[in-house]
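K.L.:
The structure's right below; bear with me while I get my questions together.
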Amino acid sequence: MTDGQHNGNQQQSNHHAAPRPSPNNDVKADTKGITVKKNDDIAEWYGQVVAKAELADYSSLRGFIVLRPNGYLIWERIQNELNPKITKIGVRNAYFPLLIPESFFKKEAEHAEGFSPEVAWIEKHPDDPERYAIRPTSETIMYDSYSRWVRSWRDLPLRINQWCSVVRWETKDTKMFIRAREFLWQEGHCVYETERECHKETMKYLEFYRQVAEELLAVPVILGKKTDNDKFAGAKATYAIESLMPDGKSLQMGTSHDLGQGFAKSFGISFLGKDGTTQTPWQNSWGFSTRLIGAMVMTHSDDKGLVLPPRLAKNKIAIVPIIFDDTKAQTIAKAKEIQKLLKRYDPVLDDREGYSAGWKYNDHELHGVPLRIELGPKDIAKEQVVLVRRDTGEKKFVPNAQILDEVRHALDAMQANLFEKAKAFLQSSTTEASEWNAFIAGIDGKKLVLAPHCSGAECEAEIKEVTKGVTTRCIPFKGDKPAAGAVCIRCGQKAKYNVYFGRAY
RNA sequence: GGGGAUGUGGUCUAGCUUGGUAUGAUACACGAUUGGGGUUCGUGUGGUCGGGGGUUCGAAUCCUCCCAUCCCCGCCA
């Protein structure tokens, strides 16, 4: 922040300059509000929402972002949602080294190849035997330890998760929360005695992800399996939750990998079974990142700024007293009383001086506070407050006696409404196609298109090439079977499964 | 990696063609005013014009080298 002279201001200016339409657009260029509409320029809009809600900021370090307290708080709430779910089934949190010796990478060939373009290496110190990488993911460093920890069937299942950050250097196009060179995530890594148990839990973690996305973030997702092209480097199969952003691009929000026995073999993890024989265990790994926050912001927010699902908001209510000189003391006193009444919702009492009420409304809207309570002399006289919902803007006059009930109801309704609205969008933006023209029409209509595919990797790559970026997103769990006689939309060969296609972040 | 552009207070920006040490807005600080949807006014803080070199009496402006960043293509969860 202090050294913003060079890098900092350029990051910012470029951010604003990117979609610059004309030199003198007469928008209120640097007032605090959002100066573009979500529908007009979603990239610029998104950046402003994130920046002005003070969730995150660009740093002077290229490709790296800063999670500000407001944004980090959301991450903590996500942690608090997932941790109880996973600990309940036996996962324990731990922490492994940031650096990974080069030799570890090479142990699993596919894994090494898949990650090599984006690994950041530490310059080799003369005293060190080899170079070290900053982890892009921790399979290798963790499984090296696992190989020493797992001896007997009694040591299984081994379930460990870590909350940390990873670095992937390939990403040049930084978008706050969505893509950066370093991001916070969790990665769970489990080892099992049987393939069946391993697969079952792989799916269990994916289900946890769905719950976090839908129940906490109010972002509806599609569950599916990645195609072989797209699966995690070194995995047997990758399962994912995918959401659809308002601009029609899909976003991978979490993955759970069934690793099979590949890593176990590469890292020498084995155990003595009940029968006394040496056996190779089965593994999975699963992760989601702060990208979840980006998906949430993009899904719900509007032209006035951030919209937070109530469950995610710390301060669920902003109380704005309408102050006049002659009634000031009385109004503030009443506002404090209401603040106390609602303290379980952690309301903020906005008694800042020098700002008009309207200014404060905008400020809280920008920051995504779910509910606003306006309280002025007129309300006090009528023994009521004005309750305003952030998502709908609906104003309601609520008698004092009903405040608690109405607030509770409004918060629940808002959480549900955000999810339903997003779900309706997802459904209306999803379509099916059985042949190429319909497929292209769907894609051009910014939809997620479910279409039969041959499963060929070259064919898949060709589609990406021809359409300039349309990729397979996932094979859905429901509706993955093509109709009898269905053929691949691209090559015309017999279709193996139905797969979602779309553009992606 | 290939191509195109840009760099002026914290942020955005005028000035560059035709050289004379910088414009406006916003933000920030203080004071007043105002207060039911971004109140108004005043005062003030803040700039080695990305960096080095050159031309010139004089460079934000002209020349040159360097640096940084962004956009398009490529690559990428």
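Within each chain, counting starts at residue 1; across the structure tokens, chains are named A, B, ... in the order shown, with ligands numbered 1 upward in that order.
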Counting only C-alpha atoms (C1' of nucleotides), which residues from chain B have an atom at most 7 Å from any atom of chain A, and could you show them as a list in words?
P.N.:
C12, U26, G35, G36, G37, G38, U69, C70 and C76 of chain B
K.L.:
Please produce a file of the residues just selected, as a PDB file, in the first residue's frame, where the atoms kept are N, CA and C atoms (P, O5', C5', C4', C3', O3' and C1' of nucleotides).
P.N.:
```
ATOM      1  P     C B  12      -5.692   5.122 -12.051  1.00  0.00           P
ATOM      2  O5'   C B  12      -6.707   6.166 -12.702  1.00  0.00           O
ATOM      3  C5'   C B  12      -7.972   5.720 -13.165  1.00  0.00           C
ATOM      4  C4'   C B  12      -8.821   6.900 -13.575  1.00  0.00           C
ATOM      5  C3'   C B  12      -8.251   7.784 -14.678  1.00  0.00           C
ATOM      6  O3'   C B  12      -8.385   7.220 -15.969  1.00  0.00           O
ATOM      7  C1'   C B  12      -9.125   9.133 -12.971  1.00  0.00           C
ATOM      8  P     U B  26     -15.421  16.935  -7.416  1.00  0.00           P
ATOM      9  O5'   U B  26     -14.892  15.495  -6.994  1.00  0.00           O
ATOM     10  C5'   U B  26     -15.636  14.322  -7.338  1.00  0.00           C
ATOM     11  C4'   U B  26     -14.808  13.092  -7.084  1.00  0.00           C
ATOM     12  C3'   U B  26     -14.347  12.896  -5.641  1.00  0.00           C
ATOM     13  O3'   U B  26     -15.359  12.309  -4.832  1.00  0.00           O
ATOM     14  C1'   U B  26     -12.528  12.544  -7.105  1.00  0.00           C
ATOM     15  P     G B  35     -31.762  19.347   6.251  1.00  0.00           P
ATOM     16  O5'   G B  35     -31.407  17.814   6.151  1.00  0.00           O
ATOM     17  C5'   G B  35     -31.327  17.172   4.875  1.00  0.00           C
ATOM     18  C4'   G B  35     -30.683  15.819   5.052  1.00  0.00           C
ATOM     19  C3'   G B  35     -31.580  14.802   5.741  1.00  0.00           C
ATOM     20  O3'   G B  35     -31.330  13.505   5.220  1.00  0.00           O
ATOM     21  C1'   G B  35     -29.644  15.172   7.045  1.00  0.00           C
ATOM     22  P     G B  36     -31.935  13.116   3.800  1.00  0.00           P
ATOM     23  O5'   G B  36     -32.140  11.558   3.967  1.00  0.00           O
ATOM     24  C5'   G B  36     -33.062  11.109   4.940  1.00  0.00           C
ATOM     25  C4'   G B  36     -34.050  10.190   4.283  1.00  0.00           C
ATOM     26  C3'   G B  36     -34.993  10.853   3.290  1.00  0.00           C
ATOM     27  O3'   G B  36     -35.281   9.899   2.286  1.00  0.00           O
ATOM     28  C1'   G B  36     -36.236   9.958   5.069  1.00  0.00           C
ATOM     29  P     G B  37     -34.715  10.160   0.778  1.00  0.00           P
ATOM     30  O5'   G B  37     -33.239   9.550   0.972  1.00  0.00           O
ATOM     31  C5'   G B  37     -32.104  10.358   0.728  1.00  0.00           C
ATOM     32  C4'   G B  37     -31.320   9.814  -0.453  1.00  0.00           C
ATOM     33  C3'   G B  37     -31.985  10.021  -1.815  1.00  0.00           C
ATOM     34  O3'   G B  37     -30.968  10.127  -2.805  1.00  0.00           O
ATOM     35  C1'   G B  37     -31.739   7.723  -1.406  1.00  0.00           C
ATOM     36  P     G B  38     -30.090  11.552  -2.901  1.00  0.00           P
ATOM     37  O5'   G B  38     -28.822  11.243  -2.032  1.00  0.00           O
ATOM     38  C5'   G B  38     -28.003  10.145  -2.379  1.00  0.00           C
ATOM     39  C4'   G B  38     -26.645  10.353  -1.763  1.00  0.00           C
ATOM     40  C3'   G B  38     -25.812  11.502  -2.345  1.00  0.00           C
ATOM     41  O3'   G B  38     -24.874  11.853  -1.333  1.00  0.00           O
ATOM     42  C1'   G B  38     -24.743   9.463  -2.770  1.00  0.00           C
ATOM     43  P     U B  69       5.213  -5.824 -15.019  1.00  0.00           P
ATOM     44  O5'   U B  69       3.862  -5.152 -15.533  1.00  0.00           O
ATOM     45  C5'   U B  69       2.994  -4.516 -14.607  1.00  0.00           C
ATOM     46  C4'   U B  69       1.981  -3.689 -15.345  1.00  0.00           C
ATOM     47  C3'   U B  69       1.097  -4.433 -16.326  1.00  0.00           C
ATOM     48  O3'   U B  69       0.027  -5.094 -15.675  1.00  0.00           O
ATOM     49  C1'   U B  69       1.897  -2.474 -17.350  1.00  0.00           C
ATOM     50  P     C B  70      -0.577  -6.392 -16.330  1.00  0.00           P
ATOM     51  O5'   C B  70      -1.546  -5.780 -17.444  1.00  0.00           O
ATOM     52  C5'   C B  70      -2.677  -5.003 -17.071  1.00  0.00           C
ATOM     53  C4'   C B  70      -3.245  -4.318 -18.285  1.00  0.00           C
ATOM     54  C3'   C B  70      -3.717  -5.244 -19.391  1.00  0.00           C
ATOM     55  O3'   C B  70      -5.023  -5.732 -19.143  1.00  0.00           O
ATOM     56  C1'   C B  70      -2.411  -3.525 -20.322  1.00  0.00           C
ATOM     57  P     C B  76      -2.930 -25.760 -22.239  1.00  0.00           P
ATOM     58  O5'   C B  76      -3.150 -25.080 -20.827  1.00  0.00           O
ATOM     59  C5'   C B  76      -2.188 -25.247 -19.788  1.00  0.00           C
ATOM     60  C4'   C B  76      -2.573 -24.396 -18.607  1.00  0.00           C
ATOM     61  C3'   C B  76      -3.903 -24.745 -17.955  1.00  0.00           C
ATOM     62  O3'   C B  76      -3.757 -25.803 -17.036  1.00  0.00           O
ATOM     63  C1'   C B  76      -3.744 -22.396 -18.255  1.00  0.00           C
TER      64        C B  76
END
```
K.L.:
I need the residues in segment 63-164 of chain A that are helix (DSSP H, G or I) according to DSSP; give them as number ranges by chain.
P.N.:
A: 69-88, 102-106, 109-118, 139-149, 153-155
K.L.:
Identify, on the basis of only C-alpha atoms (C1' of nucleotides), every residue whose closest approach to segment 45-57 of chain B does not exceed 9 Å; exclude the query and any residue fewer than 6 positions from it along the same chain; express the result as a PyMOL selection string.
P.N.:
(chain A and resi 6) or (chain B and resi 7-10+19+22+28-29+63-68)
K.L.:
Compare A:His257, A:His364, A:Lys107, A:Lys249 by their minimum atom-to-atom distance to Asp444 of chain A, counting only C-alpha atoms, and give me the closest one.
P.N.:
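Closest to Asp444 of chain A, using only C-alpha atoms: A:Lys249.
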K.L.:
A:Ala451, A:Ala43, A:Ile293, A:Met203: which is nearest Ala56 of chain A, counting only C-alpha atoms?
P.N.:
A:Ile293
K.L.:
Would you return as a ChimeraX atom specification the members of segment 233-374 of chain A that DSSP assigns to strand (DSSP E) on this structure's backbone?
P.N.:
/A:237-244,250-260,271-272,278-279,282-289,317-321,348-349,371-374
K.L.:
Go through A:Trp75, A:Tyr192, A:Phe263, A:Phe439 one by one, measure the shortest atom-to-atom distance of each to Leu217 of chain A using only C-alpha atoms, and give the residue with the smallest value.
P.N.:
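Among A:Trp75, A:Tyr192, A:Phe263, A:Phe439, it is A:Trp75 that comes nearest to Leu217 of chain A.
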